$ cat work_14.tsv   # TSV, C-alpha atoms
chain	number	residue	atom	x	y	z
O	141	MET	CA	100.62	121.10	162.19
O	142	ALA	CA	97.34	120.66	160.33
O	143	ALA	CA	95.91	118.57	163.20
O	144	LEU	CA	96.78	121.28	165.74
O	145	ALA	CA	95.14	123.92	163.53
O	146	ASP	CA	92.00	121.77	163.26
O	147	LEU	CA	91.91	121.32	167.06
O	148	LEU	CA	92.28	125.04	167.74
O	149	HIS	CA	89.63	125.85	165.17
O	150	GLY	CA	87.22	123.35	166.75
O	151	LEU	CA	87.83	124.74	170.24
O	152	ALA	CA	87.30	128.30	168.99
O	153	VAL	CA	84.00	127.40	167.30
O	154	ALA	CA	82.75	125.46	170.34
O	155	THR	CA	83.69	128.33	172.66
O	156	ALA	CA	81.92	130.84	170.45
O	157	ALA	CA	78.79	128.67	170.29
O	158	VAL	CA	78.62	128.24	174.06
O	159	ALA	CA	79.25	131.95	174.58
O	160	VAL	CA	76.37	132.87	172.29
O	161	ALA	CA	74.04	130.29	173.84
O	162	VAL	CA	74.75	131.47	177.45
O	163	GLY	CA	75.41	135.14	176.82
O	164	LEU	CA	72.50	136.05	174.54
O	165	PRO	CA	69.79	135.83	177.26
O	166	GLU	CA	71.99	137.85	179.61
O	167	LEU	CA	72.75	140.52	177.04
O	168	ARG	CA	69.07	140.80	176.10
O	169	PRO	CA	66.89	140.28	179.21
O	170	GLY	CA	63.63	138.58	178.53
O	171	THR	CA	65.06	136.43	175.74
O	172	ASP	CA	63.99	132.83	175.93
O	173	PRO	CA	67.05	130.66	176.84
O	174	ALA	CA	66.00	128.30	174.03
O	175	VAL	CA	66.66	131.08	171.54
O	176	GLY	CA	70.18	131.42	172.95
O	177	TRP	CA	70.84	127.72	172.44
O	178	ILE	CA	69.46	127.89	168.91
O	179	ALA	CA	71.77	130.80	168.12
O	180	GLY	CA	74.67	128.91	169.63
O	181	GLY	CA	73.79	125.89	167.47
O	182	LEU	CA	73.80	128.08	164.37
O	183	VAL	CA	77.24	129.41	165.28
O	184	LEU	CA	78.46	125.84	165.77
O	185	LEU	CA	76.98	124.78	162.45
O	186	ALA	CA	78.60	127.72	160.67
O	187	GLY	CA	81.89	126.80	162.24
O	188	VAL	CA	81.55	123.22	161.04
O	189	VAL	CA	80.82	124.42	157.49
O	190	VAL	CA	83.81	126.76	157.54
O	191	ASP	CA	86.00	123.95	158.87
O	192	ARG	CA	84.82	121.58	156.16
O	193	ASN	CA	85.53	124.13	153.42
O	194	ARG	CA	88.94	124.83	154.91
O	195	ARG	CA	89.79	121.11	155.02
O	196	GLN	CA	88.57	120.64	151.41
O	197	ALA	CA	90.68	123.57	150.18
O	198	ARG	CA	93.69	122.12	151.99
O	199	ARG	CA	93.10	118.71	150.41
O	200	GLN	CA	92.84	120.32	146.97
O	201	ARG	CA	96.12	122.16	147.49
O	202	GLU	CA	97.75	118.91	148.59
O	203	THR	CA	96.34	117.08	145.54
O	204	LEU	CA	97.68	119.77	143.22
O	205	ARG	CA	101.10	119.52	144.85
O	206	ARG	CA	101.07	115.73	144.40
O	207	LEU	CA	99.99	116.07	140.76
O	208	ASP	CA	102.78	118.54	140.19
O	209	ARG	CA	105.32	116.15	141.69
O	210	LEU	CA	103.86	113.29	139.62
O	211	GLN	CA	104.07	115.35	136.42
O	212	LYS	CA	107.70	116.15	137.14
O	213	SER	CA	108.38	112.45	137.70
O	214	VAL	CA	106.63	111.52	134.44
O	215	ASP	CA	108.58	114.21	132.55
O	216	GLY	CA	111.82	112.87	133.99
O	217	LEU	CA	110.93	109.29	133.01
O	218	ALA	CA	109.93	110.42	129.50
O	219	GLU	CA	113.22	112.24	129.09
O	220	ARG	CA	115.20	109.19	130.17
O	221	LEU	CA	113.09	106.98	127.91
O	222	ASP	CA	113.67	109.32	124.95
O	223	ARG	CA	117.41	109.12	125.55
O	224	ARG	CA	117.18	105.33	125.46
O	225	ILE	CA	114.84	105.12	122.45
O	226	ALA	CA	116.62	107.71	120.27
O	227	PRO	CA	119.61	105.45	119.47
O	228	ALA	CA	117.22	102.59	118.66
O	229	GLU	CA	115.16	104.83	116.34
O	230	GLU	CA	118.32	106.06	114.66
O	231	ALA	CA	119.41	102.45	114.19
O	232	VAL	CA	116.01	101.56	112.66
O	233	THR	CA	116.13	104.60	110.35
O	234	HIS	CA	119.71	103.78	109.38
O	235	GLU	CA	118.74	100.18	108.63
O	236	THR	CA	115.76	101.37	106.57
O	237	VAL	CA	117.97	103.66	104.51
O	238	LEU	CA	120.47	100.84	103.96
O	239	GLN	CA	117.67	98.57	102.73
O	240	GLU	CA	116.44	101.28	100.38
O	241	VAL	CA	119.94	101.81	99.03
O	242	LYS	CA	120.29	98.05	98.54
O	243	LEU	CA	117.04	98.02	96.58
O	244	LEU	CA	118.23	100.91	94.42
O	245	HIS	CA	121.55	99.19	93.76
O	246	THR	CA	119.69	96.04	92.76
O	247	LEU	CA	117.59	98.00	90.28
O	248	VAL	CA	120.51	99.91	88.78
O	249	ALA	CA	122.58	96.76	88.46
O	250	ARG	CA	119.94	95.28	86.16
O	251	LEU	CA	120.44	98.02	83.63
O	252	ALA	CA	123.86	96.79	82.57
O	253	GLU	CA	122.67	93.18	82.58
O	254	SER	CA	119.76	94.02	80.28
O	255	ARG	CA	121.95	95.62	77.60
O	256	SER	CA	123.04	93.68	74.62
O	257	PRO	CA	126.58	94.22	73.29
O	258	GLU	CA	125.13	96.16	70.38
O	259	GLU	CA	123.29	98.51	72.78
O	260	ARG	CA	126.40	99.10	74.86
O	261	GLU	CA	128.21	100.36	71.75
O	262	PRO	CA	125.66	102.32	69.72
O	263	PRO	CA	126.59	102.85	66.07
O	264	PRO	CA	128.11	106.27	65.43
O	265	ASP	CA	125.91	106.90	62.39
O	266	ALA	CA	122.65	106.57	64.32
O	267	MET	CA	120.53	109.52	63.22
O	268	PRO	CA	117.42	110.90	64.98
O	269	ALA	CA	114.18	109.69	63.47
O	270	PRO	CA	110.81	111.44	63.53
O	271	GLN	CA	109.05	111.14	66.86
O	272	ALA	CA	106.65	108.24	67.09
O	273	PRO	CA	102.92	108.92	67.59
O	274	ARG	CA	101.94	109.41	71.21
O	275	PHE	CA	99.48	107.30	73.10
O	276	PRO	CA	97.79	107.99	76.44
O	277	ASP	CA	98.34	106.16	79.69
O	278	SER	CA	96.45	107.12	82.84
O	279	ARG	CA	99.45	106.36	85.04
O	280	PHE	CA	101.38	109.17	83.41
O	281	PRO	CA	99.17	112.20	82.67
O	282	ASP	CA	100.58	114.46	79.98
O	283	SER	CA	101.71	117.28	82.23
O	284	ARG	CA	104.96	119.16	81.98
O	285	PRO	CA	106.25	121.87	84.30
O	286	ALA	CA	106.83	125.16	82.56
O	287	ALA	CA	110.44	125.21	83.74
O	288	LEU	CA	111.29	121.98	81.96
O	289	ALA	CA	111.03	121.69	78.19
O	290	GLU	CA	110.35	118.50	76.32
O	291	SER	CA	113.43	116.81	74.93
O	292	PRO	CA	114.08	117.11	71.17
O	293	PRO	CA	112.91	114.26	68.90
O	294	MET	CA	114.94	111.06	69.32
O	295	ASP	CA	114.82	107.67	67.69
O	296	GLU	CA	113.90	104.61	69.74
O	297	ALA	CA	117.49	103.61	70.43
O	298	ALA	CA	118.26	107.11	71.73
O	299	VAL	CA	115.13	107.13	73.90
O	300	LEU	CA	116.00	103.73	75.35
O	301	GLU	CA	119.56	104.82	76.09
O	302	ALA	CA	118.29	108.05	77.68
O	303	VAL	CA	115.90	106.12	79.92
O	304	ARG	CA	118.65	103.73	81.02
O	305	ASP	CA	121.01	106.62	81.63
O	306	ALA	CA	118.35	108.45	83.67
O	307	LEU	CA	117.76	105.34	85.78
O	308	ALA	CA	121.46	104.88	86.46
O	309	ALA	CA	122.00	108.59	87.21
O	310	ASP	CA	118.90	108.91	89.42
O	311	ARG	CA	117.10	111.27	87.04
O	312	ILE	CA	113.68	109.65	87.42
O	313	ASP	CA	111.82	112.55	88.99
O	314	ILE	CA	108.79	112.10	91.21
O	315	HIS	CA	105.68	114.18	90.56
O	316	LEU	CA	102.64	114.33	92.84
O	317	GLN	CA	99.01	115.05	91.97
O	318	PRO	CA	96.47	115.65	94.76
O	319	ILE	CA	93.42	113.49	95.44
O	320	VAL	CA	90.91	115.60	97.36
O	321	SER	CA	87.89	114.93	99.52
O	322	LEU	CA	84.58	116.19	98.17
O	323	PRO	CA	82.98	118.63	98.60
O	324	GLN	CA	85.65	120.07	100.97
O	325	ARG	CA	88.46	119.82	98.34
O	326	LYS	CA	90.99	119.03	101.06
O	327	HIS	CA	94.12	117.11	100.08
O	328	ARG	CA	93.78	113.56	101.42
O	329	PHE	CA	96.18	111.68	99.15
O	330	PHE	CA	98.75	112.25	96.44
O	331	GLU	CA	99.18	110.04	93.42
O	332	VAL	CA	102.82	109.43	92.54
O	333	PHE	CA	104.03	109.66	88.93
O	334	SER	CA	107.47	109.30	87.36
O	335	ARG	CA	109.14	111.63	84.89
O	336	VAL	CA	112.32	110.77	82.97
O	337	ARG	CA	114.76	113.67	82.79
O	338	ALA	CA	117.43	113.66	80.09
O	339	ALA	CA	121.03	114.64	80.77
O	340	ASP	CA	120.38	118.19	79.49
O	341	GLY	CA	117.51	118.63	81.95
O	342	SER	CA	114.69	118.27	79.42
O	343	LEU	CA	111.81	115.87	80.01
O	344	ILE	CA	111.17	112.72	78.04
O	345	LEU	CA	107.41	112.49	78.26
O	346	PRO	CA	105.78	109.17	79.20
O	347	ASP	CA	103.96	108.84	75.90
O	348	ARG	CA	107.38	108.87	74.20
O	349	TYR	CA	109.30	106.39	76.36
O	350	LEU	CA	106.59	104.18	77.88
O	351	GLU	CA	106.09	101.71	75.03
O	352	ILE	CA	109.83	101.58	74.30
O	353	ALA	CA	110.66	100.91	77.96
O	354	GLU	CA	108.01	98.19	78.16
O	355	ARG	CA	109.42	96.40	75.11
O	356	ALA	CA	112.92	96.60	76.62
O	357	GLY	CA	111.70	95.18	79.93
O	358	LEU	CA	112.52	98.38	81.84
O	359	MET	CA	109.06	99.26	83.15
O	360	ALA	CA	109.48	97.00	86.17
O	361	THR	CA	112.69	98.87	87.05
O	362	ILE	CA	110.98	102.24	86.61
O	363	ASP	CA	107.96	101.19	88.68
O	364	ASN	CA	110.17	99.65	91.35
O	365	LEU	CA	112.26	102.79	91.57
O	366	LEU	CA	109.05	104.80	91.83
O	367	LEU	CA	107.96	102.57	94.70
O	368	VAL	CA	111.20	103.06	96.62
O	369	ARG	CA	110.95	106.82	96.13
O	370	CYS	CA	107.37	106.67	97.38
O	371	ILE	CA	108.53	104.98	100.59
O	372	GLN	CA	111.07	107.77	101.07
O	373	LEU	CA	108.30	110.35	100.62
O	374	ILE	CA	106.17	108.61	103.24
O	375	ARG	CA	109.05	108.60	105.70
O	376	GLU	CA	109.48	112.32	105.05
O	377	THR	CA	105.80	113.03	105.79
O	378	GLU	CA	106.07	110.90	108.96
O	379	ARG	CA	109.01	113.01	110.08
O	380	ARG	CA	107.04	116.19	109.38
O	381	GLN	CA	103.90	114.68	111.00
O	382	HIS	CA	101.76	115.22	107.90
O	383	ALA	CA	98.66	113.01	107.77
O	384	ILE	CA	98.66	112.26	104.03
O	385	GLY	CA	98.58	109.07	102.00
O	386	PHE	CA	100.09	108.14	98.64
O	387	PHE	CA	98.74	106.18	95.67
O	388	CYS	CA	101.50	104.38	93.78
O	389	ASN	CA	101.11	102.30	90.65
O	390	MET	CA	102.11	98.65	90.93
O	391	SER	CA	102.28	96.90	87.57
O	392	ALA	CA	102.15	93.20	86.83
O	393	ALA	CA	105.86	93.44	85.99
O	394	THR	CA	106.58	94.65	89.52
O	395	LEU	CA	104.48	91.91	91.11
O	396	SER	CA	106.25	89.25	89.08
O	397	ASP	CA	109.68	90.58	90.07
O	398	ALA	CA	110.32	88.01	92.80
O	399	GLU	CA	113.72	89.34	93.94
O	400	PHE	CA	112.51	92.92	94.28
O	401	MET	CA	109.25	91.95	95.99
O	402	ARG	CA	111.10	89.81	98.52
O	403	GLN	CA	113.35	92.72	99.47
O	404	PHE	CA	110.44	95.15	99.45
O	405	LEU	CA	108.28	92.96	101.71
O	406	ASP	CA	111.17	92.59	104.13
O	407	LEU	CA	111.59	96.38	104.16
O	408	MET	CA	107.91	97.01	104.88
O	409	VAL	CA	107.64	94.35	107.59
O	410	ARG	CA	110.35	96.28	109.44
O	411	ASN	CA	108.53	99.59	108.88
O	412	GLN	CA	104.89	98.82	109.65
O	413	SER	CA	104.06	102.46	110.44
O	414	LEU	CA	104.50	103.31	106.74
O	415	VAL	CA	102.06	100.67	105.49
O	416	PRO	CA	98.73	102.49	106.14
O	417	LYS	CA	99.91	105.51	104.15
O	418	LEU	CA	100.57	103.64	100.91
O	419	VAL	CA	97.86	102.49	98.49
O	420	PHE	CA	98.90	100.37	95.51
O	421	GLU	CA	97.11	100.96	92.21
O	422	LEU	CA	96.48	98.22	89.68
O	423	SER	CA	94.52	98.41	86.47
O	424	GLN	CA	91.30	96.52	85.93
O	425	GLN	CA	92.92	94.56	83.11
O	426	GLU	CA	95.92	93.52	85.24
O	427	LEU	CA	93.69	92.43	88.13
O	428	ARG	CA	91.50	90.35	85.85
O	429	ALA	CA	94.50	88.80	84.08
O	430	GLY	CA	96.44	88.20	87.29
O	431	GLY	CA	97.44	84.59	87.80
O	432	ALA	CA	98.18	82.66	90.97
O	433	VAL	CA	101.55	84.37	91.49
O	434	THR	CA	100.10	87.88	91.17
O	435	MET	CA	97.17	87.14	93.47
O	436	GLY	CA	99.49	85.40	95.93
O	437	ILE	CA	101.74	88.45	96.20
O	438	LEU	CA	98.68	90.69	96.61
O	439	SER	CA	97.56	88.44	99.46
O	440	GLN	CA	100.97	88.76	101.13
O	441	LEU	CA	100.81	92.52	100.84
O	442	ALA	CA	97.26	92.54	102.20
O	443	ARG	CA	98.32	90.45	105.22
O	444	ILE	CA	100.94	93.07	106.04
O	445	GLY	CA	98.17	95.69	105.97
O	446	PHE	CA	98.37	97.24	102.49
O	447	ARG	CA	95.27	98.50	100.69
O	448	PHE	CA	94.73	98.66	96.94
O	449	SER	CA	92.99	100.76	94.32
O	450	MET	CA	91.68	99.69	90.93
O	451	ASP	CA	92.04	102.22	88.11
O	452	ARG	CA	91.82	102.34	84.31
O	453	VAL	CA	88.34	100.84	84.50
O	454	THR	CA	86.76	100.24	81.11
O	455	ASP	CA	84.12	97.66	82.04
O	456	LEU	CA	81.48	98.56	84.66
O	457	ASP	CA	80.59	94.90	85.16
O	458	ILE	CA	82.62	94.88	88.39
O	459	ASP	CA	82.81	91.97	90.82
O	460	VAL	CA	82.56	93.82	94.14
O	461	ASP	CA	83.09	90.62	96.16
O	462	ALA	CA	86.39	90.04	94.34
O	463	LEU	CA	87.46	93.60	95.15
O	464	LEU	CA	86.78	93.01	98.84
O	465	ARG	CA	88.63	89.66	98.82
O	466	HIS	CA	91.74	91.37	97.49
O	467	GLU	CA	91.56	94.35	99.91
O	468	ILE	CA	90.75	96.82	97.13
O	469	ARG	CA	89.38	99.80	99.03
O	470	TYR	CA	89.34	102.44	96.28
O	471	LEU	CA	87.80	102.39	92.82
O	472	LYS	CA	88.80	105.05	90.30
O	473	LEU	CA	86.39	105.90	87.52
O	474	ASP	CA	87.06	108.37	84.73
O	475	CYS	CA	84.97	111.53	84.97
O	476	SER	CA	83.78	111.18	81.38
O	477	LEU	CA	82.57	107.66	82.15
O	478	LEU	CA	80.75	108.79	85.30
O	479	LEU	CA	78.99	111.60	83.46
O	480	ASP	CA	78.11	109.66	80.29
O	481	PRO	CA	74.27	109.64	80.09
O	482	ALA	CA	74.37	106.31	78.23
O	483	LEU	CA	76.14	104.71	81.21
O	484	ALA	CA	74.08	106.37	83.95
O	485	SER	CA	72.21	103.20	84.93
O	486	SER	CA	75.42	101.12	85.00
O	487	VAL	CA	77.22	103.74	87.11
O	488	GLU	CA	74.30	103.89	89.54
O	489	ASP	CA	74.31	100.08	89.79
O	490	VAL	CA	78.03	100.12	90.65
O	491	ARG	CA	77.48	102.80	93.29
O	492	ARG	CA	74.58	100.87	94.79
O	493	ARG	CA	76.67	97.69	95.05
O	494	LEU	CA	79.58	99.60	96.59
O	495	ASP	CA	77.35	101.19	99.23
O	496	GLY	CA	78.27	99.93	102.69
O	497	THR	CA	81.28	97.90	101.50
O	498	GLY	CA	83.96	100.35	102.63
O	499	ILE	CA	85.15	100.85	99.04
O	500	ASP	CA	85.46	104.56	98.21
O	501	LEU	CA	84.82	105.87	94.72
O	502	ILE	CA	87.29	108.37	93.22
O	503	ALA	CA	86.30	110.44	90.21
O	504	GLU	CA	89.47	111.11	88.21
O	505	LYS	CA	90.37	113.43	85.33
O	506	ILE	CA	88.11	116.24	86.56
O	507	GLU	CA	89.27	119.21	84.49
O	508	THR	CA	86.43	121.77	84.38
O	509	GLU	CA	84.15	123.46	86.89
O	510	ALA	CA	81.12	122.05	85.05
O	511	GLN	CA	82.44	118.51	85.48
O	512	LEU	CA	83.15	119.19	89.16
O	513	ASP	CA	79.62	120.54	89.73
O	514	ALA	CA	78.14	117.39	88.19
O	515	ILE	CA	80.40	115.15	90.30
O	516	LEU	CA	79.50	117.08	93.47
O	517	ARG	CA	75.80	116.60	92.75
O	518	SER	CA	76.39	112.86	92.49
O	519	GLY	CA	77.81	112.71	96.03
O	520	ILE	CA	81.13	111.00	95.18
O	521	ASP	CA	83.64	111.04	98.05
O	522	PHE	CA	86.93	111.88	96.30
O	523	GLY	CA	88.12	113.68	93.17
O	524	GLN	CA	91.32	113.97	91.16
O	525	GLY	CA	92.29	115.93	88.10
O	526	TYR	CA	93.70	119.20	86.78
O	527	ARG	CA	90.80	121.08	88.41
O	528	PHE	CA	92.51	120.42	91.76
O	529	GLY	CA	96.10	120.56	90.54
O	530	GLU	CA	98.38	119.02	87.94
O	531	PRO	CA	101.31	116.75	88.89
O	532	ARG	CA	104.07	118.81	90.46
O	533	PRO	CA	107.66	117.84	91.25
O	534	ALA	CA	108.07	116.39	94.73
O	535	ARG	CA	110.71	117.81	97.02
O	536	LYS	CA	113.71	115.52	97.43
O	537	PRO	CA	113.55	113.69	100.79
O	538	SER	CA	116.06	115.05	103.27

$ encode --input "work_14.tsv" --output "structure tokens"
Amino acid sequence: MAALADLLHGLAVATAAVAVAVGLPELRPGTDPAVGWIAGGLVLLAGVVVDRNRRQARRQRETLRRLDRLQKSVDGLAERLDRRIAPAEEAVTHETVLQEVKLLHTLVARLAESRSPEEREPPPDAMPAPQAPRFPDSRFPDSRPAALAESPPMDEAAVLEAVRDALAADRIDIHLQPIVSLPQRKHRFFEVFSRVRAADGSLILPDRYLEIAERAGLMATIDNLLLVRCIQLIRETERRQHAIGFFCNMSAATLSDAEFMRQFLDLMVRNQSLVPKLVFELSQQELRAGGAVTMGILSQLARIGFRFSMDRVTDLDIDVDALLRHEIRYLKLDCSLLLDPALASSVEDVRRRLDGTGIDLIAEKIETEAQLDAILRSGIDFGQGYRFGEPRPARKPS
């Protein structure tokens, strides 16, 4: 049909050109015949141009029709592929949840094993003692939601029992504090903290239970539980397509927990998409004191793709090459340390040595606008502290 239309169009143009070339001198006597042939040539040329445009428009329409058919075919293939992949994804998610549950059961089972017979049957005449003095720990900032009151004073045995009971009853709440980019103040990460909630709903603050839990050997269980909850949070953000990362503390006790780390590594190998969104935090002291086992586990985690952050820095004599060897990509420095005039030259030396290494500096514990202004003038990439938000309870993963 198209070929016949092209033929008829060509014949029409040729006929018109000949008619103009022959007829023009006859219609206007005295006209040079050459002028008639020139006019006929122009008509022929115009016809060729019109024919070319018509053919090009037809080709474009045909191309669009083919693209439309191709798009429909691709959509059909994608739909069939989704139907095939969905059961596999559900199976992977189901397996992931089962592994997480297994990890949680492993952690809870240790609670009963760690109790002595005396602890299982507390004496009835145990009376509350005055609350012990508090001490700070940067992993657990002293922040309490207004809706939750601090628990009444308890003696050490009562605190230990409350912590164990909270672990067994899943009352270790997760709180998140933002880490923002500077100067934009956009949320780029959240640091994950734990809060122990007593049976009556009140909070047992970290500075009350931390030392007691460490002496009882429970900090590894608390940190491990925090880690599992962090993985669940990351899966939730993946499902909601939120591009956000999480900083989670990893203590030496966690790294030395061979059974937990084996299960955790197996879980993460099967869920590689979660790895880039999790940054493990270790203190400067723990990294420096880490033996062959600790460094070996860090190397295994790094091979999977994990990155690390060093916090609780007290000594600015930092081995940048060692940080790079262990895949430490973030360095947290206390705001008061960064702004101490007596340490200005040491801070500048650290920043100079970090320049171009890919290690980002995070100023933490920024609480006032004056501190923020000073940090912004220094050009530091990230900030954290009450100025950007205190730790808030995380929503339970669905």

$ atom_distance --input "work_14.tsv" --atom1 "CA of Leu473 in chain O" --atom2 "CA of Gln524 in chain O"
10.1 Å

$ closest_residue --input "work_14.tsv" --among "O:Ala462, O:Ile178, O:Leu345, O:Leu184" --to "Ala154 in chain O" --atoms "all atoms listed in the file"
O:Leu184

$ atom_distance --input "work_14.tsv" --atom1 "CA of Gly519 in chain O" --atom2 "CA of Arg428 in chain O"
28.1 Å

$ atom_distance --input "work_14.tsv" --atom1 "CA of Glu504 in chain O" --atom2 "CA of Phe522 in chain O"
8.5 Å

$ residues_around --input "work_14.tsv" --residues "Phe329 in chain O" --least-positions-apart "5" --cutoff "6 Å" --atoms "all atoms listed in the file" --output "PyMOL selection string"
chain O and resi 318-319+384-386
